[in-house]
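Enquirer: This one is coords07.pdb, PDB, C-alpha atoms, pLDDT in the B column.
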ATOM      1  CA  MET E   1     203.768  -2.368  42.392  1.00 53.00           C
ATOM      2  CA  VAL E   2     204.187  -1.274  38.763  1.00 61.00           C
ATOM      3  CA  ASN E   3     207.765  -1.096  37.549  1.00 82.00           C
ATOM      4  CA  ARG E   4     208.877   2.246  36.171  1.00 94.00           C
ATOM      5  CA  ALA E   5     210.395   1.874  32.732  1.00 97.00           C
ATOM      6  CA  VAL E   6     212.485   4.608  31.149  1.00 98.00           C
ATOM      7  CA  VAL E   7     214.222   5.034  27.815  1.00 98.00           C
ATOM      8  CA  VAL E   8     217.760   6.398  27.935  1.00 98.00           C
ATOM      9  CA  ILE E   9     219.300   7.494  24.636  1.00 97.00           C
ATOM     10  CA  PRO E  10     223.110   7.701  24.694  1.00 95.00           C
ATOM     11  CA  ALA E  11     224.388  10.584  22.571  1.00 94.00           C
ATOM     12  CA  ARG E  12     227.959  11.810  22.242  1.00 91.00           C
ATOM     13  CA  PHE E  13     229.049  14.777  20.169  1.00 90.00           C
ATOM     14  CA  GLU E  14     232.449  13.450  19.136  1.00 83.00           C
ATOM     15  CA  SER E  15     232.341  10.747  16.485  1.00 77.00           C
ATOM     16  CA  SER E  16     235.192   9.624  14.279  1.00 68.00           C
ATOM     17  CA  ARG E  17     232.892   9.234  11.280  1.00 74.00           C
ATOM     18  CA  TYR E  18     230.449  12.072  11.951  1.00 84.00           C
ATOM     19  CA  PRO E  19     231.180  14.683  14.661  1.00 87.00           C
ATOM     20  CA  GLY E  20     228.030  16.334  15.984  1.00 90.00           C
ATOM     21  CA  LYS E  21     225.835  13.576  14.582  1.00 92.00           C
ATOM     22  CA  PRO E  22     223.045  13.778  17.218  1.00 94.00           C
ATOM     23  CA  LEU E  23     222.339  17.379  16.224  1.00 96.00           C
ATOM     24  CA  VAL E  24     222.226  16.866  12.454  1.00 94.00           C
ATOM     25  CA  GLU E  25     219.036  18.378  11.008  1.00 94.00           C
ATOM     26  CA  LEU E  26     216.640  15.877   9.450  1.00 95.00           C
ATOM     27  CA  ALA E  27     213.518  17.349   7.853  1.00 92.00           C
ATOM     28  CA  GLY E  28     213.874  20.449  10.031  1.00 92.00           C
ATOM     29  CA  LYS E  29     214.504  18.726  13.359  1.00 95.00           C
ATOM     30  CA  PRO E  30     217.666  17.518  15.150  1.00 96.00           C
ATOM     31  CA  MET E  31     218.050  13.749  14.892  1.00 96.00           C
ATOM     32  CA  ILE E  32     218.213  13.268  18.665  1.00 97.00           C
ATOM     33  CA  ILE E  33     214.772  14.894  18.974  1.00 97.00           C
ATOM     34  CA  TRP E  34     213.285  12.552  16.369  1.00 97.00           C
ATOM     35  CA  VAL E  35     214.510   9.621  18.477  1.00 96.00           C
ATOM     36  CA  ALA E  36     213.280  11.175  21.739  1.00 97.00           C
ATOM     37  CA  GLU E  37     209.811  11.663  20.227  1.00 97.00           C
ATOM     38  CA  ILE E  38     209.674   7.998  19.217  1.00 96.00           C
ATOM     39  CA  ALA E  39     210.713   6.947  22.727  1.00 97.00           C
ATOM     40  CA  ALA E  40     208.048   9.222  24.221  1.00 98.00           C
ATOM     41  CA  LYS E  41     205.373   7.492  22.126  1.00 97.00           C
ATOM     42  CA  ALA E  42     206.406   4.217  23.767  1.00 97.00           C
ATOM     43  CA  VAL E  43     206.936   5.196  27.416  1.00 97.00           C
ATOM     44  CA  GLY E  44     205.757   8.804  27.792  1.00 97.00           C
ATOM     45  CA  LEU E  45     207.733  12.050  27.654  1.00 97.00           C
ATOM     46  CA  SER E  46     208.506  12.122  31.387  1.00 97.00           C
ATOM     47  CA  ASN E  47     210.238   8.726  31.065  1.00 98.00           C
ATOM     48  CA  VAL E  48     212.682   9.718  28.314  1.00 98.00           C
ATOM     49  CA  TYR E  49     216.270  10.807  29.011  1.00 98.00           C
ATOM     50  CA  VAL E  50     219.231  11.640  26.789  1.00 97.00           C
ATOM     51  CA  ALA E  51     222.623  10.720  28.273  1.00 97.00           C
ATOM     52  CA  THR E  52     225.382  12.926  26.884  1.00 96.00           C
ATOM     53  CA  ASP E  53     228.800  14.371  27.661  1.00 93.00           C
ATOM     54  CA  ASP E  54     228.222  17.528  25.626  1.00 94.00           C
ATOM     55  CA  GLU E  55     226.460  20.742  26.682  1.00 96.00           C
ATOM     56  CA  ARG E  56     225.384  21.476  23.091  1.00 97.00           C
ATOM     57  CA  ILE E  57     223.348  18.278  22.952  1.00 97.00           C
ATOM     58  CA  SER E  58     221.998  18.841  26.461  1.00 97.00           C
ATOM     59  CA  SER E  59     220.886  22.367  25.566  1.00 97.00           C
ATOM     60  CA  VAL E  60     218.971  21.241  22.469  1.00 97.00           C
ATOM     61  CA  VAL E  61     217.339  18.335  24.312  1.00 97.00           C
ATOM     62  CA  ASN E  62     216.244  20.503  27.252  1.00 97.00           C
ATOM     63  CA  GLY E  63     215.044  23.253  24.908  1.00 97.00           C
ATOM     64  CA  CYS E  64     212.688  20.759  23.247  1.00 97.00           C
ATOM     65  CA  GLY E  65     211.190  19.702  26.574  1.00 97.00           C
ATOM     66  CA  TYR E  66     213.154  16.494  27.154  1.00 97.00           C
ATOM     67  CA  GLN E  67     215.443  15.563  30.035  1.00 97.00           C
ATOM     68  CA  SER E  68     219.193  15.250  29.663  1.00 97.00           C
ATOM     69  CA  VAL E  69     221.717  13.628  31.974  1.00 97.00           C
ATOM     70  CA  MET E  70     225.339  14.717  31.815  1.00 96.00           C
ATOM     71  CA  THR E  71     227.961  11.960  31.944  1.00 96.00           C
ATOM     72  CA  GLY E  72     231.732  11.759  31.705  1.00 93.00           C
ATOM     73  CA  GLU E  73     233.732   9.934  29.070  1.00 90.00           C
ATOM     74  CA  ALA E  74     232.565   6.356  28.552  1.00 93.00           C
ATOM     75  CA  LEU E  75     234.023   3.187  27.063  1.00 94.00           C
ATOM     76  CA  THR E  76     230.751   2.373  25.298  1.00 94.00           C
ATOM     77  CA  GLY E  77     227.194   3.588  25.023  1.00 92.00           C
ATOM     78  CA  THR E  78     226.163   1.025  27.631  1.00 96.00           C
ATOM     79  CA  ASP E  79     228.792   2.353  30.057  1.00 96.00           C
ATOM     80  CA  ARG E  80     227.348   5.845  29.500  1.00 95.00           C
ATOM     81  CA  LEU E  81     223.878   4.458  30.171  1.00 96.00           C
ATOM     82  CA  ALA E  82     225.078   2.809  33.378  1.00 97.00           C
ATOM     83  CA  GLU E  83     226.480   6.091  34.655  1.00 97.00           C
ATOM     84  CA  ALA E  84     223.379   8.062  33.668  1.00 97.00           C
ATOM     85  CA  VAL E  85     220.876   5.832  35.483  1.00 96.00           C
ATOM     86  CA  GLU E  86     222.651   6.038  38.836  1.00 95.00           C
ATOM     87  CA  ASN E  87     220.433   9.022  39.680  1.00 90.00           C
ATOM     88  CA  ILE E  88     217.306   7.987  37.772  1.00 96.00           C
ATOM     89  CA  ASP E  89     214.501   6.255  39.659  1.00 95.00           C
ATOM     90  CA  ALA E  90     213.721   3.332  37.360  1.00 97.00           C
ATOM     91  CA  ASP E  91     213.295  -0.435  37.472  1.00 96.00           C
ATOM     92  CA  ILE E  92     213.711  -1.090  33.740  1.00 98.00           C
ATOM     93  CA  ILE E  93     216.089   0.861  31.520  1.00 98.00           C
ATOM     94  CA  ILE E  94     215.678   0.653  27.750  1.00 98.00           C
ATOM     95  CA  ASN E  95     218.527   1.745  25.516  1.00 97.00           C
ATOM     96  CA  VAL E  96     217.456   3.177  22.164  1.00 96.00           C
ATOM     97  CA  GLN E  97     220.202   4.265  19.782  1.00 92.00           C
ATOM     98  CA  GLY E  98     220.342   7.989  19.064  1.00 91.00           C
ATOM     99  CA  ASP E  99     221.123   7.556  15.369  1.00 90.00           C
ATOM    100  CA  GLU E 100     218.009   5.571  14.370  1.00 88.00           C
ATOM    101  CA  PRO E 101     215.172   8.076  13.936  1.00 93.00           C
ATOM    102  CA  LEU E 102     213.009   5.485  12.167  1.00 91.00           C
ATOM    103  CA  VAL E 103     212.834   2.902  14.965  1.00 93.00           C
ATOM    104  CA  ASN E 104     209.286   1.721  15.667  1.00 94.00           C
ATOM    105  CA  PRO E 105     207.847   2.495  19.138  1.00 96.00           C
ATOM    106  CA  GLU E 106     206.054  -0.873  19.091  1.00 97.00           C
ATOM    107  CA  ASP E 107     209.443  -2.600  19.063  1.00 97.00           C
ATOM    108  CA  ILE E 108     210.498  -0.600  22.125  1.00 97.00           C
ATOM    109  CA  LEU E 109     207.365  -1.863  23.880  1.00 98.00           C
ATOM    110  CA  LYS E 110     208.019  -5.431  22.729  1.00 98.00           C
ATOM    111  CA  VAL E 111     211.484  -5.355  24.313  1.00 98.00           C
ATOM    112  CA  LEU E 112     209.984  -3.809  27.465  1.00 98.00           C
ATOM    113  CA  ARG E 113     207.372  -6.569  27.782  1.00 97.00           C
ATOM    114  CA  ALA E 114     210.068  -9.231  27.390  1.00 98.00           C
ATOM    115  CA  LYS E 115     212.037  -7.610  30.205  1.00 98.00           C
ATOM    116  CA  GLU E 116     208.967  -7.604  32.426  1.00 97.00           C
ATOM    117  CA  ARG E 117     208.545 -11.340  31.797  1.00 97.00           C
ATOM    118  CA  LYS E 118     212.215 -12.157  32.358  1.00 97.00           C
ATOM    119  CA  PRO E 119     213.730  -9.547  34.698  1.00 96.00           C
ATOM    120  CA  GLU E 120     216.864 -11.639  35.252  1.00 97.00           C
ATOM    121  CA  HIS E 121     217.721 -11.451  31.542  1.00 98.00           C
ATOM    122  CA  VAL E 122     219.148  -8.631  29.485  1.00 98.00           C
ATOM    123  CA  ILE E 123     216.870  -8.203  26.459  1.00 98.00           C
ATOM    124  CA  ASN E 124     218.058  -7.374  22.946  1.00 98.00           C
ATOM    125  CA  GLY E 125     216.301  -7.187  19.596  1.00 96.00           C
ATOM    126  CA  PHE E 126     217.088  -9.106  16.429  1.00 96.00           C
ATOM    127  CA  SER E 127     215.695  -9.448  12.929  1.00 94.00           C
ATOM    128  CA  TYR E 128     216.530 -11.529   9.873  1.00 94.00           C
ATOM    129  CA  LEU E 129     218.893 -10.298   7.195  1.00 93.00           C
ATOM    130  CA  ARG E 130     217.206  -9.160   4.014  1.00 88.00           C
ATOM    131  CA  GLU E 131     218.211 -10.820   0.751  1.00 88.00           C
ATOM    132  CA  SER E 132     220.050  -7.624  -0.163  1.00 86.00           C
ATOM    133  CA  GLU E 133     222.212  -7.805   2.972  1.00 88.00           C
ATOM    134  CA  ASP E 134     225.493  -9.701   2.906  1.00 92.00           C
ATOM    135  CA  PRO E 135     226.198 -11.980   5.913  1.00 94.00           C
ATOM    136  CA  GLN E 136     229.910 -11.299   5.323  1.00 95.00           C
ATOM    137  CA  ASN E 137     229.411  -7.584   6.007  1.00 92.00           C
ATOM    138  CA  VAL E 138     231.391  -6.836   9.180  1.00 91.00           C
ATOM    139  CA  ASN E 139     229.152  -3.846   9.927  1.00 86.00           C
ATOM    140  CA  ILE E 140     226.264  -6.216  10.657  1.00 89.00           C
ATOM    141  CA  PRO E 141     226.540  -8.151  13.953  1.00 94.00           C
ATOM    142  CA  LYS E 142     225.193 -11.666  13.405  1.00 96.00           C
ATOM    143  CA  VAL E 143     223.237 -13.308  16.216  1.00 97.00           C
ATOM    144  CA  ILE E 144     223.459 -16.926  17.373  1.00 97.00           C
ATOM    145  CA  VAL E 145     220.734 -18.110  19.750  1.00 97.00           C
ATOM    146  CA  ASN E 146     219.887 -21.431  21.338  1.00 96.00           C
ATOM    147  CA  GLU E 147     216.466 -23.015  20.990  1.00 94.00           C
ATOM    148  CA  SER E 148     215.252 -21.007  23.987  1.00 96.00           C
ATOM    149  CA  SER E 149     216.032 -17.733  22.169  1.00 97.00           C
ATOM    150  CA  GLU E 150     218.947 -16.982  24.489  1.00 98.00           C
ATOM    151  CA  LEU E 151     222.054 -15.422  23.002  1.00 98.00           C
ATOM    152  CA  VAL E 152     224.913 -17.879  22.554  1.00 98.00           C
ATOM    153  CA  TYR E 153     227.218 -15.498  20.704  1.00 98.00           C
ATOM    154  CA  MET E 154     227.214 -12.435  18.489  1.00 98.00           C
ATOM    155  CA  SER E 155     229.836 -11.838  15.816  1.00 98.00           C
ATOM    156  CA  ARG E 156     230.785  -9.687  12.853  1.00 96.00           C
ATOM    157  CA  ALA E 157     231.673 -12.936  11.077  1.00 97.00           C
ATOM    158  CA  ALA E 158     229.019 -14.841   9.118  1.00 96.00           C
ATOM    159  CA  LEU E 159     227.708 -17.192  11.787  1.00 94.00           C
ATOM    160  CA  PRO E 160     226.616 -19.930  12.152  1.00 94.00           C
ATOM    161  CA  GLY E 161     229.356 -21.475  10.082  1.00 93.00           C
ATOM    162  CA  PHE E 162     228.991 -24.696   8.115  1.00 94.00           C
ATOM    163  CA  LYS E 163     231.241 -27.463   6.826  1.00 94.00           C
ATOM    164  CA  ASP E 164     229.084 -28.473   3.892  1.00 95.00           C
ATOM    165  CA  GLN E 165     227.082 -26.089   1.711  1.00 94.00           C
ATOM    166  CA  LYS E 166     223.972 -28.205   2.173  1.00 94.00           C
ATOM    167  CA  ASN E 167     224.102 -27.342   5.895  1.00 95.00           C
ATOM    168  CA  ALA E 168     224.317 -23.587   5.350  1.00 92.00           C
ATOM    169  CA  PRO E 169     221.716 -21.638   7.354  1.00 93.00           C
ATOM    170  CA  ALA E 170     218.598 -20.722   5.399  1.00 92.00           C
ATOM    171  CA  LYS E 171     218.745 -17.226   6.868  1.00 94.00           C
ATOM    172  CA  TYR E 172     220.876 -15.231   9.272  1.00 96.00           C
ATOM    173  CA  LYS E 173     219.834 -13.227  12.313  1.00 96.00           C
ATOM    174  CA  LYS E 174     221.218  -9.744  12.946  1.00 93.00           C
ATOM    175  CA  GLN E 175     221.214  -7.474  15.960  1.00 94.00           C
ATOM    176  CA  VAL E 176     218.669  -4.664  16.311  1.00 92.00           C
ATOM    177  CA  CYS E 177     219.961  -2.094  18.778  1.00 90.00           C
ATOM    178  CA  ILE E 178     217.140  -1.877  21.308  1.00 96.00           C
ATOM    179  CA  TYR E 179     218.114  -3.237  24.726  1.00 97.00           C
ATOM    180  CA  ALA E 180     216.525  -3.557  28.179  1.00 98.00           C
ATOM    181  CA  PHE E 181     218.403  -3.815  31.487  1.00 98.00           C
ATOM    182  CA  ASN E 182     217.912  -3.309  35.181  1.00 97.00           C
ATOM    183  CA  LYS E 183     220.196  -1.233  37.396  1.00 97.00           C
ATOM    184  CA  PRO E 184     222.166  -4.145  38.935  1.00 97.00           C
ATOM    185  CA  GLN E 185     222.980  -5.482  35.462  1.00 98.00           C
ATOM    186  CA  LEU E 186     224.213  -2.083  34.305  1.00 98.00           C
ATOM    187  CA  HIS E 187     226.205  -1.593  37.498  1.00 97.00           C
ATOM    188  CA  GLU E 188     227.924  -4.951  37.021  1.00 98.00           C
ATOM    189  CA  PHE E 189     228.658  -4.105  33.379  1.00 98.00           C
ATOM    190  CA  ARG E 190     230.281  -0.781  34.226  1.00 97.00           C
ATOM    191  CA  SER E 191     232.113  -2.142  37.266  1.00 97.00           C
ATOM    192  CA  PHE E 192     233.967  -4.571  34.983  1.00 97.00           C
ATOM    193  CA  GLY E 193     236.084  -1.520  34.243  1.00 96.00           C
ATOM    194  CA  ARG E 194     237.237  -2.442  30.752  1.00 97.00           C
ATOM    195  CA  LYS E 195     236.141  -4.100  27.557  1.00 97.00           C
ATOM    196  CA  SER E 196     236.252  -7.877  27.722  1.00 97.00           C
ATOM    197  CA  GLU E 197     238.558  -9.625  25.271  1.00 96.00           C
ATOM    198  CA  LEU E 198     235.699 -10.791  23.038  1.00 96.00           C
ATOM    199  CA  GLU E 199     234.001  -7.396  23.237  1.00 97.00           C
ATOM    200  CA  HIS E 200     237.246  -5.689  22.265  1.00 97.00           C
ATOM    201  CA  SER E 201     237.866  -8.021  19.330  1.00 98.00           C
ATOM    202  CA  GLU E 202     234.334  -7.979  17.903  1.00 97.00           C
ATOM    203  CA  ASP E 203     233.553  -4.389  18.960  1.00 95.00           C
ATOM    204  CA  ILE E 204     230.149  -5.590  20.201  1.00 97.00           C
ATOM    205  CA  GLU E 205     229.508  -4.382  23.732  1.00 96.00           C
ATOM    206  CA  ILE E 206     226.700  -6.790  24.628  1.00 97.00           C
ATOM    207  CA  LEU E 207     229.309  -9.582  24.701  1.00 98.00           C
ATOM    208  CA  ARG E 208     230.469  -8.207  28.059  1.00 98.00           C
ATOM    209  CA  PHE E 209     227.216  -9.442  29.606  1.00 98.00           C
ATOM    210  CA  LEU E 210     228.013 -12.962  28.353  1.00 97.00           C
ATOM    211  CA  GLU E 211     231.425 -12.714  30.004  1.00 96.00           C
ATOM    212  CA  LEU E 212     229.663 -11.742  33.241  1.00 97.00           C
ATOM    213  CA  GLY E 213     227.341 -14.761  33.024  1.00 97.00           C
ATOM    214  CA  ILE E 214     224.201 -12.651  32.600  1.00 98.00           C
ATOM    215  CA  PRO E 215     221.682 -14.376  30.272  1.00 98.00           C
ATOM    216  CA  ILE E 216     220.487 -12.450  27.220  1.00 98.00           C
ATOM    217  CA  GLU E 217     217.079 -13.032  25.681  1.00 98.00           C
ATOM    218  CA  MET E 218     216.816 -12.142  21.983  1.00 98.00           C
ATOM    219  CA  VAL E 219     213.432 -10.815  20.859  1.00 97.00           C
ATOM    220  CA  GLU E 220     212.435 -10.557  17.209  1.00 96.00           C
ATOM    221  CA  THR E 221     211.605  -7.031  16.056  1.00 95.00           C
ATOM    222  CA  ARG E 222     211.123  -5.400  12.704  1.00 89.00           C
ATOM    223  CA  PRO E 223     214.241  -5.272  10.539  1.00 80.00           C
ATOM    224  CA  GLY E 224     216.722  -2.650  11.704  1.00 64.00           C
ATOM    225  CA  SER E 225     215.689   0.805  10.567  1.00 70.00           C
ATOM    226  CA  LEU E 226     217.890   3.144   8.579  1.00 76.00           C
ATOM    227  CA  ALA E 227     220.623   4.666  10.723  1.00 82.00           C
ATOM    228  CA  VAL E 228     222.803   7.736  10.281  1.00 85.00           C
ATOM    229  CA  ASP E 229     226.392   6.522  10.564  1.00 81.00           C
ATOM    230  CA  CYS E 230     228.048   9.059   8.269  1.00 83.00           C
ATOM    231  CA  PRO E 231     227.076  12.187   6.266  1.00 88.00           C
ATOM    232  CA  ASP E 232     226.140  10.095   3.223  1.00 88.00           C
ATOM    233  CA  ASP E 233     223.299   8.519   5.242  1.00 88.00           C
ATOM    234  CA  VAL E 234     221.505  11.824   5.866  1.00 91.00           C
ATOM    235  CA  LEU E 235     219.611  12.157   2.572  1.00 92.00           C
ATOM    236  CA  PRO E 236     218.110   8.625   2.484  1.00 90.00           C
ATOM    237  CA  VAL E 237     217.108   8.815   6.155  1.00 90.00           C
ATOM    238  CA  GLU E 238     215.601  12.254   5.657  1.00 92.00           C
ATOM    239  CA  ALA E 239     213.660  11.015   2.630  1.00 91.00           C
ATOM    240  CA  ALA E 240     212.327   8.075   4.648  1.00 89.00           C
ATOM    241  CA  LEU E 241     211.249  10.403   7.462  1.00 92.00           C
ATOM    242  CA  ARG E 242     209.423  12.692   5.030  1.00 93.00           C
ATOM    243  CA  GLU E 243     207.622   9.730   3.503  1.00 91.00           C
ATOM    244  CA  LEU E 244     206.721   8.196   6.877  1.00 88.00           C
ATOM    245  CA  HIS E 245     205.419  11.438   8.370  1.00 90.00           C
ATOM    246  CA  LYS E 246     203.992  12.880   5.131  1.00 90.00           C
ATOM    247  CA  LEU E 247     206.192  15.974   5.410  1.00 84.00           C
TER     248      LEU E 247
END
What would you get if you wrote out this structure as structure tokens?

Expert:
Amino acid sequence: MVNRAVVVIPARFESSRYPGKPLVELAGKPMIIWVAEIAAKAVGLSNVYVATDDERISSVVNGCGYQSVMTGEALTGTDRLAEAVENIDADIIINVQGDEPLVNPEDILKVLRAKERKPEHVINGFSYLRESEDPQNVNIPKVIVNESSELVYMSRAALPGFKDQKNAPAKYKKQVCIYAFNKPQLHEFRSFGRKSELEHSEDIEILRFLELGIPIEMVETRPGSLAVDCPDDVLPVEAALRELHKL
């Protein structure tokens, strides 16, 4: 029996830094539709869903031929995902962030294949920091894995640490926000009912799976694409989209 894999894109209208962000126009198209199109290239249009708590987002998504799932308020995007998939027939659920319209569909498929190989693991992407990126930047979650590529910890601090400069890491790993789960894993995550202490402190939701004892396999992808976090990000992301798609 072939597992059904779906992509669910969490999208909320309210955002402290950029209200209405999923519907911002980029090169003539709402951002959430750019992301949905990328997901459809990976898993097919019928296997793409947008999970939202806002009718404006739902209306745009449905009007463009994609499926939306209405949810209530959620602690995190993963909690929203967990609620959304309760009524979706799927064996593998891939979370693609709704604010990264330049993510590569091949990376979505790479995470999917890893999940098929290791169904008992949560799968998450990582890449290496570029020379221009500062490990001390708290906006970049740094990834620590063991020699089996399983997540040991993820932090906004510059990890791994070192006592002597000669032992400093040659390069740092950072999180890329493509994830793969199954329904029991998402149900356990949401049933926890709150953010774990580490998750709350770091503001990194995947840490809740570590608290629950669920192993996490980290899979190398391309470096994280440009994301729209605030209005100032719109122009560079739009320029990159125009260049990529020859618009």

Enquirer: Can you give me, as a PDB file with C-alpha atoms, keeping the file's coordinate frame, the residues this file yields under the PyMOL selection byres ((chain E and resi 214) around 9)?

Expert:
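And here is the file that came out, result-v9.pdb:
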ATOM      1  CA  GLU E 120     216.864 -11.639  35.252  1.00 97.00           C
ATOM      2  CA  HIS E 121     217.721 -11.451  31.542  1.00 98.00           C
ATOM      3  CA  VAL E 122     219.148  -8.631  29.485  1.00 98.00           C
ATOM      4  CA  GLN E 185     222.980  -5.482  35.462  1.00 98.00           C
ATOM      5  CA  ARG E 208     230.469  -8.207  28.059  1.00 98.00           C
ATOM      6  CA  PHE E 209     227.216  -9.442  29.606  1.00 98.00           C
ATOM      7  CA  LEU E 210     228.013 -12.962  28.353  1.00 97.00           C
ATOM      8  CA  GLU E 211     231.425 -12.714  30.004  1.00 96.00           C
ATOM      9  CA  LEU E 212     229.663 -11.742  33.241  1.00 97.00           C
ATOM     10  CA  GLY E 213     227.341 -14.761  33.024  1.00 97.00           C
ATOM     11  CA  PRO E 215     221.682 -14.376  30.272  1.00 98.00           C
ATOM     12  CA  ILE E 216     220.487 -12.450  27.220  1.00 98.00           C
TER      13      ILE E 216
END

Enquirer: I'd like to see the residues matched by the PyMOL selection byres ((chain E and resi 50) around 9) on this file, and ideally I'd get them as a PyMOL selection string.

Expert: chain E and resi 7-11+32+36+48-49+51-52+57-58+61+66-70+84+98

Enquirer: Please produce a file of the residues just selected, as a compact mmCIF listing (two decimals), in the frame of the given file, where the atoms kept are C-alpha atoms.

Expert:
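Resulting contents of selection-v3.txt:
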# COMPACT_ATOMS: atom_id res chain seq x y z
CA VAL E 7 214.22 5.03 27.82
CA VAL E 8 217.76 6.40 27.94
CA ILE E 9 219.30 7.49 24.64
CA PRO E 10 223.11 7.70 24.69
CA ALA E 11 224.39 10.58 22.57
CA ILE E 32 218.21 13.27 18.66
CA ALA E 36 213.28 11.18 21.74
CA VAL E 48 212.68 9.72 28.31
CA TYR E 49 216.27 10.81 29.01
CA ALA E 51 222.62 10.72 28.27
CA THR E 52 225.38 12.93 26.88
CA ILE E 57 223.35 18.28 22.95
CA SER E 58 222.00 18.84 26.46
CA VAL E 61 217.34 18.34 24.31
CA TYR E 66 213.15 16.49 27.15
CA GLN E 67 215.44 15.56 30.04
CA SER E 68 219.19 15.25 29.66
CA VAL E 69 221.72 13.63 31.97
CA MET E 70 225.34 14.72 31.82
CA ALA E 84 223.38 8.06 33.67
CA GLY E 98 220.34 7.99 19.06

Enquirer: With a distance cut-off of 6 Å and all atoms listed in the file, select the neighbouring residues of Pro101 of chain E, excluding the residue or stretch itself and same-chain residues fewer than 2 positions from it, and output the selection as JSON, numbers by chain.

Expert: {"E": [34, 35, 103]}

Enquirer: Compare E:Thr71, E:Asn137, E:Asn104, E:Ser196 by their minimum atom-to-atom distance to Val85 of chain E, counting all atoms listed in the file, and give me the closest one.

Expert: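 Looking only at the distances to Val85 of chain E, the closest residue turns out to be E:Thr71.
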
Enquirer: Could you check which of E:His187, E:Arg56, E:Lys173, E:Lys195 is closest to Leu129 of chain E, using all atoms listed in the file?

Expert: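 With all atoms listed in the file as the atom set, the closest residue is E:Lys173.
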
Enquirer: Could you check how far atom CA of Asn139 of chain E sits from atom CA of Asp203 of chain E, in Å to one decimal?

Expert: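 It comes out at 10.1 Å.
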
Enquirer: Selected by the PyMOL selection byres ((chain E and resi 202) around 9) in the shown coordinates: which residues, as JSON, numbers by chain?

Expert: {"E": [141, 154, 155, 156, 157, 197, 198, 199, 200, 201, 203, 204, 205, 207]}

Enquirer: Skip Met31 of chain E itself and residues of its chain fewer than 3 positions away, then list as a list of chain:residue names all residues within 10 Å of it, counting all atoms listed in the file.

Expert: E:Lys21, E:Pro22, E:Leu23, E:Val24, E:Glu25, E:Leu26, E:Ala27, E:Gly28, E:Trp34, E:Val35, E:Ala36, E:Gly98, E:Asp99, E:Glu100, E:Pro101, E:Val228, E:Val234, E:Glu238
